[in-house]
$ cat structure37.txt   # compact mmCIF, C-alpha atoms
# COMPACT_ATOMS: atom_id res chain seq x y z
CA MET S 1 133.91 52.69 -38.41
CA SER S 2 132.34 52.58 -35.01
CA VAL S 3 131.98 49.25 -33.27
CA VAL S 4 129.37 48.78 -30.58
CA SER S 5 130.89 47.23 -27.47
CA ASN S 6 127.94 47.33 -25.09
CA LYS S 7 124.25 48.12 -24.96
CA PHE S 8 122.41 49.43 -21.91
CA GLN S 9 118.70 50.00 -21.47
CA THR S 10 118.18 52.95 -19.19
CA SER S 11 116.27 56.22 -18.94
CA LEU S 12 116.72 59.97 -18.66
CA GLY S 13 115.01 61.99 -15.93
CA LYS S 14 114.08 65.66 -15.68
CA ASP S 15 117.48 66.53 -14.14
CA ASP S 16 119.13 65.30 -17.32
CA PHE S 17 117.19 67.85 -19.34
CA PHE S 18 116.77 70.92 -17.15
CA THR S 19 117.62 72.06 -13.64
CA ALA S 20 115.68 75.33 -13.38
CA ASP S 21 112.25 76.71 -14.23
CA VAL S 22 111.52 77.03 -17.95
CA LYS S 23 109.40 79.83 -19.41
CA VAL S 24 106.86 78.71 -22.01
CA PRO S 25 105.30 81.54 -24.05
CA LYS S 26 102.07 80.63 -25.77
CA GLY S 27 102.06 79.72 -29.44
CA ILE S 28 105.82 79.20 -29.83
CA TRP S 29 107.79 75.98 -29.86
CA THR S 30 109.99 76.28 -26.78
CA LEU S 31 113.03 74.23 -25.81
CA VAL S 32 112.37 72.66 -22.41
CA GLY S 33 115.77 71.06 -22.13
CA GLU S 34 118.40 68.98 -23.82
CA TYR S 35 120.69 66.09 -23.03
CA THR S 36 124.09 65.86 -24.73
CA CYS S 37 125.45 62.46 -25.69
CA PRO S 38 128.70 61.74 -23.80
CA ALA S 39 131.95 60.70 -25.45
CA GLN S 40 132.17 57.29 -27.10
CA GLN S 41 128.46 56.64 -26.78
CA GLU S 42 125.46 56.50 -29.03
CA ILE S 43 121.94 56.92 -27.74
CA ALA S 44 118.58 56.02 -29.23
CA VAL S 45 115.32 57.25 -27.75
CA GLY S 46 113.17 54.36 -26.54
CA VAL S 47 113.83 50.82 -25.41
CA THR S 48 112.55 47.69 -27.08
CA GLU S 49 111.86 44.94 -24.56
CA ILE S 50 110.84 41.36 -25.09
CA ILE S 51 107.92 40.59 -22.83
CA ASN S 52 106.16 37.23 -23.06
CA GLY S 53 107.88 36.63 -26.37
CA GLY S 54 106.68 39.87 -27.97
CA ALA S 55 108.73 42.99 -28.68
CA THR S 56 107.26 46.04 -27.00
CA GLY S 57 108.33 49.57 -26.13
CA MET S 58 109.23 50.69 -22.63
CA ALA S 59 106.81 52.92 -20.73
CA SER S 60 107.68 56.61 -20.70
CA TYR S 61 106.43 59.46 -18.58
CA VAL S 62 106.36 63.22 -19.03
CA ARG S 63 104.52 65.60 -16.76
CA LEU S 64 105.21 69.34 -16.73
CA ASP S 65 103.51 71.52 -14.13
CA ASP S 66 103.21 75.29 -14.18
CA THR S 67 104.34 77.32 -11.14
CA SER S 68 100.62 77.87 -10.42
CA GLY S 69 100.37 74.14 -9.77
CA SER S 70 98.34 73.35 -12.86
CA GLN S 71 99.49 70.82 -15.36
CA LEU S 72 100.45 71.66 -18.94
CA LYS S 73 98.56 68.97 -20.77
CA SER S 74 95.69 68.59 -23.22
CA ASN S 75 96.32 71.61 -25.42
CA CYS S 76 100.08 71.31 -25.30
CA ARG S 77 102.23 69.31 -27.65
CA ILE S 78 105.62 67.83 -27.01
CA ARG S 79 108.32 66.92 -29.48
CA ILE S 80 111.39 64.82 -28.80
CA LYS S 81 114.10 65.77 -31.27
CA VAL S 82 117.53 64.42 -31.99
CA VAL S 83 119.81 67.27 -33.07
CA ASP S 84 123.46 67.30 -34.13
CA ALA S 85 126.07 69.25 -32.18
CA ASN S 86 126.00 72.19 -34.63
CA ASP S 87 122.21 72.42 -34.84
CA GLN S 88 122.50 71.72 -38.55
CA GLY S 89 120.41 68.59 -38.69
CA GLN S 90 117.45 67.47 -36.64
CA VAL S 91 114.79 64.81 -36.65
CA VAL S 92 111.61 64.70 -34.61
CA VAL S 93 111.50 61.19 -33.18
CA GLU S 94 108.38 61.56 -31.04
CA PHE S 95 105.39 63.86 -31.07
CA SER S 96 102.69 63.70 -28.48
CA ALA S 97 100.33 65.46 -26.12
CA ALA S 98 102.15 66.96 -23.14
CA GLN S 99 100.60 64.58 -20.70
CA TRP S 100 101.97 61.26 -21.80
CA SER S 101 100.77 59.13 -19.01
CA ALA S 102 97.43 58.91 -17.27
CA SER S 103 99.10 57.32 -14.28
CA ALA S 104 101.40 58.92 -11.74
CA THR S 105 104.39 56.81 -12.75
CA PRO S 106 105.47 55.08 -15.96
CA SER S 107 102.88 52.39 -16.49
CA ARG S 108 102.73 49.73 -19.17
CA THR S 109 98.98 50.11 -19.54
CA ALA S 110 98.63 53.89 -19.22
CA SER S 111 101.88 55.29 -20.67
CA LEU S 112 103.16 55.92 -24.15
CA LEU S 113 105.34 52.90 -24.93
CA LEU S 114 108.50 53.95 -26.73
CA HIS S 115 110.26 51.43 -28.94
CA GLU S 116 113.96 51.94 -29.60
CA ASP S 117 114.16 54.47 -32.41
CA SER S 118 116.40 53.74 -35.39
CA ARG S 119 118.00 57.21 -35.16
CA ARG S 120 120.85 57.51 -32.70
CA VAL S 121 122.65 60.58 -31.43
CA GLN S 122 126.40 60.36 -31.41
CA GLU S 123 128.96 62.11 -29.19
CA ASP S 124 128.05 65.79 -28.65
CA SER S 125 124.72 65.48 -30.44
CA LYS S 126 121.62 66.21 -28.39
CA ILE S 127 118.25 64.82 -27.41
CA GLN S 128 115.88 67.75 -26.96
CA ILE S 129 112.40 68.14 -25.51
CA TRP S 130 110.28 70.91 -27.04
CA ILE S 131 106.87 72.08 -25.94
CA TYR S 132 104.15 74.07 -27.69
CA ALA S 133 101.45 75.58 -25.52
CA THR S 134 98.24 77.06 -26.86
CA GLU S 135 96.40 79.82 -25.08
CA ASP S 136 94.34 77.36 -23.09
CA ALA S 137 96.88 74.80 -22.01
CA GLY S 138 94.58 72.27 -20.46
CA GLY S 139 93.24 74.07 -17.44
CA ILE S 140 95.76 76.90 -17.54
CA ASP S 141 94.69 80.05 -19.32
CA ILE S 142 98.09 81.32 -20.40
CA ASP S 143 96.64 84.76 -21.22
CA ASP S 144 95.93 85.16 -17.52
CA LEU S 145 99.51 84.40 -16.49
CA VAL S 146 102.23 87.00 -16.06
CA ASN S 147 103.66 88.01 -19.47
CA ASP S 148 101.29 85.54 -21.17
CA GLN S 149 103.59 82.66 -20.42
CA ALA S 150 103.51 79.49 -18.41
CA VAL S 151 106.53 78.60 -16.31
CA ILE S 152 107.46 74.94 -15.93
CA ASP S 153 108.12 74.50 -12.22
CA TYR S 154 111.32 72.50 -11.92
CA SER S 155 111.07 72.18 -8.14
CA ASP S 156 107.48 70.89 -8.26
CA SER S 157 107.71 67.21 -7.42
CA ASP S 158 104.88 66.52 -9.90
CA THR S 159 107.05 67.78 -12.75
CA ASP S 160 108.81 64.68 -13.92
CA ILE S 161 110.27 63.06 -16.99
CA ASN S 162 111.15 59.44 -17.54
CA LEU S 163 112.37 58.94 -21.07
CA PRO S 164 113.59 55.42 -21.81
CA ILE S 165 116.75 55.33 -23.89
CA THR S 166 119.05 52.71 -25.32
CA ARG S 167 122.66 53.64 -24.69
CA TYR S 168 125.48 52.11 -26.71
CA THR S 169 129.14 52.37 -25.84
CA VAL S 170 131.20 52.50 -29.02
CA THR S 171 134.83 52.51 -30.04
CA ARG S 172 136.11 54.02 -33.24
CA MET N 1 133.50 43.61 -84.01
CA SER N 2 135.19 40.39 -84.86
CA LEU N 3 138.15 41.65 -82.85
CA ILE N 4 136.29 41.71 -79.55
CA PRO N 5 136.12 37.93 -78.99
CA LYS N 6 139.85 37.81 -79.67
CA ILE N 7 140.82 40.30 -77.02
CA LYS N 8 142.14 38.29 -74.13
CA MET N 9 142.34 39.40 -70.54
CA GLY N 10 144.45 36.82 -68.82
CA GLU N 11 143.09 33.41 -69.72
CA PHE N 12 139.72 34.46 -71.07
CA SER N 13 138.35 36.52 -73.95
CA LEU N 14 136.18 39.56 -73.34
CA VAL N 15 133.04 37.61 -74.25
CA ASP N 16 134.04 34.77 -71.92
CA THR N 17 134.57 37.13 -68.98
CA ALA N 18 131.20 38.76 -69.75
CA ILE N 19 129.49 35.38 -69.57
CA ILE N 20 131.35 34.47 -66.37
CA THR N 21 130.47 37.79 -64.74
CA ALA N 22 126.84 37.64 -65.87
CA SER N 23 126.45 34.12 -64.54
CA LYS N 24 127.98 35.18 -61.20
CA ILE N 25 125.68 38.20 -60.83
CA ILE N 26 122.51 36.44 -61.97
CA VAL N 27 123.04 33.27 -59.94
CA GLU N 28 124.02 35.26 -56.85
CA LYS N 29 120.79 37.28 -57.02
CA ALA N 30 118.58 34.35 -57.96
CA LEU N 31 119.83 32.08 -55.19
CA ALA N 32 120.11 34.67 -52.41
CA PRO N 33 116.51 34.23 -51.22
CA VAL N 34 116.90 30.44 -51.23
CA ILE N 35 120.35 29.71 -49.84
CA GLY N 36 121.46 33.15 -48.72
CA ASN N 37 124.63 34.95 -49.76
CA GLY N 38 128.07 35.54 -48.32
CA THR N 39 128.00 32.56 -45.99
CA VAL N 40 129.90 29.28 -45.95
CA VAL N 41 126.65 27.35 -46.43
CA SER N 42 125.60 29.32 -49.52
CA GLY N 43 129.16 28.98 -50.82
CA VAL N 44 129.11 25.20 -50.48
CA ALA N 45 125.69 25.01 -52.19
CA LYS N 46 126.89 27.16 -55.09
CA GLY N 47 130.08 25.12 -55.27
CA ALA N 48 128.01 21.96 -55.66
CA LEU N 49 125.95 23.64 -58.38
CA ALA N 50 129.10 24.73 -60.19
CA LEU N 51 130.51 21.20 -59.97
CA GLY N 52 127.26 19.79 -61.36
CA ILE N 53 127.06 22.16 -64.30
CA GLY N 54 130.78 21.76 -64.93
CA SER N 55 130.56 17.98 -65.07
CA LEU N 56 127.42 18.03 -67.23
CA SER N 57 128.99 20.43 -69.71
CA LYS N 58 131.30 17.69 -71.03
CA GLY N 59 133.85 20.22 -72.12
CA THR N 60 131.45 22.47 -74.08
CA LYS N 61 132.48 26.06 -73.77
CA TYR N 62 129.56 28.15 -72.51
CA PRO N 63 128.29 25.87 -69.73
CA LYS N 64 131.89 25.81 -68.53
CA MET N 65 131.93 29.63 -68.47
CA ILE N 66 128.65 29.66 -66.53
CA ALA N 67 130.02 27.07 -64.07
CA THR N 68 133.15 29.20 -63.67
CA GLY N 69 131.01 32.23 -62.75
CA ILE N 70 129.11 30.24 -60.15
CA ALA N 71 132.36 28.79 -58.80
CA VAL N 72 133.79 32.31 -58.39
CA ASP N 73 130.69 33.29 -56.43
CA ALA N 74 130.91 30.09 -54.37
CA THR N 75 134.49 30.77 -53.34
CA GLU N 76 133.63 34.40 -52.64
CA ASP N 77 130.86 33.26 -50.29
CA ILE N 78 133.13 30.82 -48.52
CA LEU N 79 135.93 33.36 -48.14
CA ARG N 80 133.51 36.01 -46.86
CA GLY N 81 131.88 33.47 -44.55
CA VAL N 82 135.17 32.28 -43.07
CA ASN N 83 136.67 35.78 -43.31
CA PRO N 84 140.26 34.78 -42.46
CA PHE N 85 142.02 37.48 -40.38
CA GLY N 86 139.10 39.83 -41.12
CA LEU N 87 140.61 40.38 -44.58
CA PHE N 88 137.24 40.86 -46.20
CA GLY N 89 135.82 43.42 -43.81
CA GLY N 90 132.25 43.27 -42.58
CA ALA N 91 131.57 40.91 -39.67
CA THR N 92 131.13 43.77 -37.20
CA THR N 93 127.99 45.01 -35.54
CA GLU N 94 128.11 47.87 -38.04
CA SER N 95 126.67 45.68 -40.76
CA ALA N 96 124.01 44.38 -38.39
CA ASP N 97 122.56 47.82 -37.73
CA SER N 98 122.79 49.21 -41.24
CA GLY N 99 119.26 50.60 -40.80
CA VAL N 100 120.51 52.90 -38.05
CA MET N 101 120.79 56.59 -38.81
CA ARG N 102 123.35 58.50 -36.77
CA ILE N 103 122.91 62.14 -35.97
$ encode --input "structure37.txt" --output "structure tokens"
Amino acid sequence: MSVVSNKFQTSLGKDDFFTADVKVPKGIWTLVGEYTCPAQQEIAVGVTEIINGGATGMASYVRLDDTSGSQLKSNCRIRIKVVDANDQGQVVVEFSAAQWSASATPSRTASLLLHEDSRRVQEDSKIQIWIYATEDAGGIDIDDLVNDQAVIDYSDSDTDINLPITRYTVTR
Amino acid sequence: MSLIPKIKMGEFSLVDTAIITASKIIVEKALAPVIGNGTVVSGVAKGALALGIGSLSKGTKYPKMIATGIAVDATEDILRGVNPFGLFGGATTESADSGVMRI
């Protein structure tokens, strides 16, 4: 039996998921990146905060730019999955348009507010971000790109992820 | 069939234990929304109920059986509520987040 010893409300950034450019072919669900749960921890996507007496989710932010400088947005879809270490079991915990936030940074009024999800990854299980791009990925015509694929530009400072998570330290 | 009431398990006959058990289960479920379950408070309330029924029964058999069932549940609640030395498990955060699915 695992016993929770501490609970931290924090977030994952783009460096936690990927550290190089990611190729995104059109019409295929593509893994953007994954974060592996460290030893003796459990992680749930999202953070539930109490603000003015009401429980609310924490603001998240995902923006993925192509190497051409355009943003992968309106015709793209993003899934956040929790997946076990052996890729045997997975659950989609969030599904959204690729541009989560209308503002430049996580904003309570413009961002997708993520409550703490009831599904937690354990040690060695993974939180994954997947993207699906259609031919016309919101301003980018993927057919016009080299090899019919967009390339998420890791080094572009506009490309950013801020995924709130609730991290538990556990003992067994 | 006439044998069954004569079979004794410890102090009580099979029929008696059935009544005791039924009264425990039914009362536990019926009172849970009102006074809760598994806590010292619910145990004390059930204990008082068992005392009341027991004293009103004036020695008649079946009310005594019913009171016994409630008393068993009352002591169970108190023991689980106090949980001496963690003997009865539970009382960890594990039970608090039973709705959590781990992947």
$ interface_residues --input "structure37.txt" --of "chain N" --to "chain S" --cutoff "6 Å" --atoms "only C-alpha atoms" --output "list in words"
Val100, Met101, Arg102 and Ile103 of chain N
$ residues_around --input "structure37.txt" --residues "Thr21 (chain N)" --least-positions-apart "3" --cutoff "9 Å" --atoms "only C-alpha atoms" --output "count of residues only"
9
$ atom_distance --input "structure37.txt" --atom1 "CA of Ile152 (chain S)" --atom2 "CA of Ser107 (chain S)"
23.0 Å
$ closest_residue --input "structure37.txt" --among "N:Lys8, N:Lys29, N:Lys46, N:Lys61" --to "Asp77 (chain N)" --atoms "only C-alpha atoms"
N:Lys46
$ closest_residue --input "structure37.txt" --among "S:Asp66, S:Ile161, S:Gly13, S:Gln40" --to "Gln149 (chain S)" --atoms "only C-alpha atoms"
S:Asp66
$ atom_distance --input "structure37.txt" --atom1 "CA of Leu114 (chain S)" --atom2 "CA of Pro25 (chain S)"
27.9 Å
$ atom_distance --input "structure37.txt" --atom1 "CA of Gly52 (chain N)" --atom2 "CA of Ile19 (chain N)"
17.8 Å
$ closest_residue --input "structure37.txt" --among "S:Val151, S:Ile127, S:Ile165, S:Leu112" --to "Leu72 (chain S)" --atoms "all atoms listed in the file"
S:Val151
$ residues_near_point --input "structure37.txt" --point "(107.1, 73.3, -24.7)" --cutoff "7 Å" --atoms "all atoms listed in the file" --output "list in words"
Val24, Trp29, Thr30, Leu31, Val32, Arg77, Ile78, Trp130, Ile131, Tyr132 and Ala133 of chain S
$ axis_aligned_box --input "structure37.txt" --around "region 5-18 of chain S" --padding-each-side "8 Å" --output "JSON"
{"center_x": 122.5, "center_y": 59.1, "center_z": -20.8, "size_x": 32.8, "size_y": 39.7, "size_z": 29.3}
$ closest_residue --input "structure37.txt" --among "S:Thr169, S:Asp148, S:Arg108, S:Arg63" --to "Ile51 (chain S)" --atoms "all atoms listed in the file"
S:Arg108
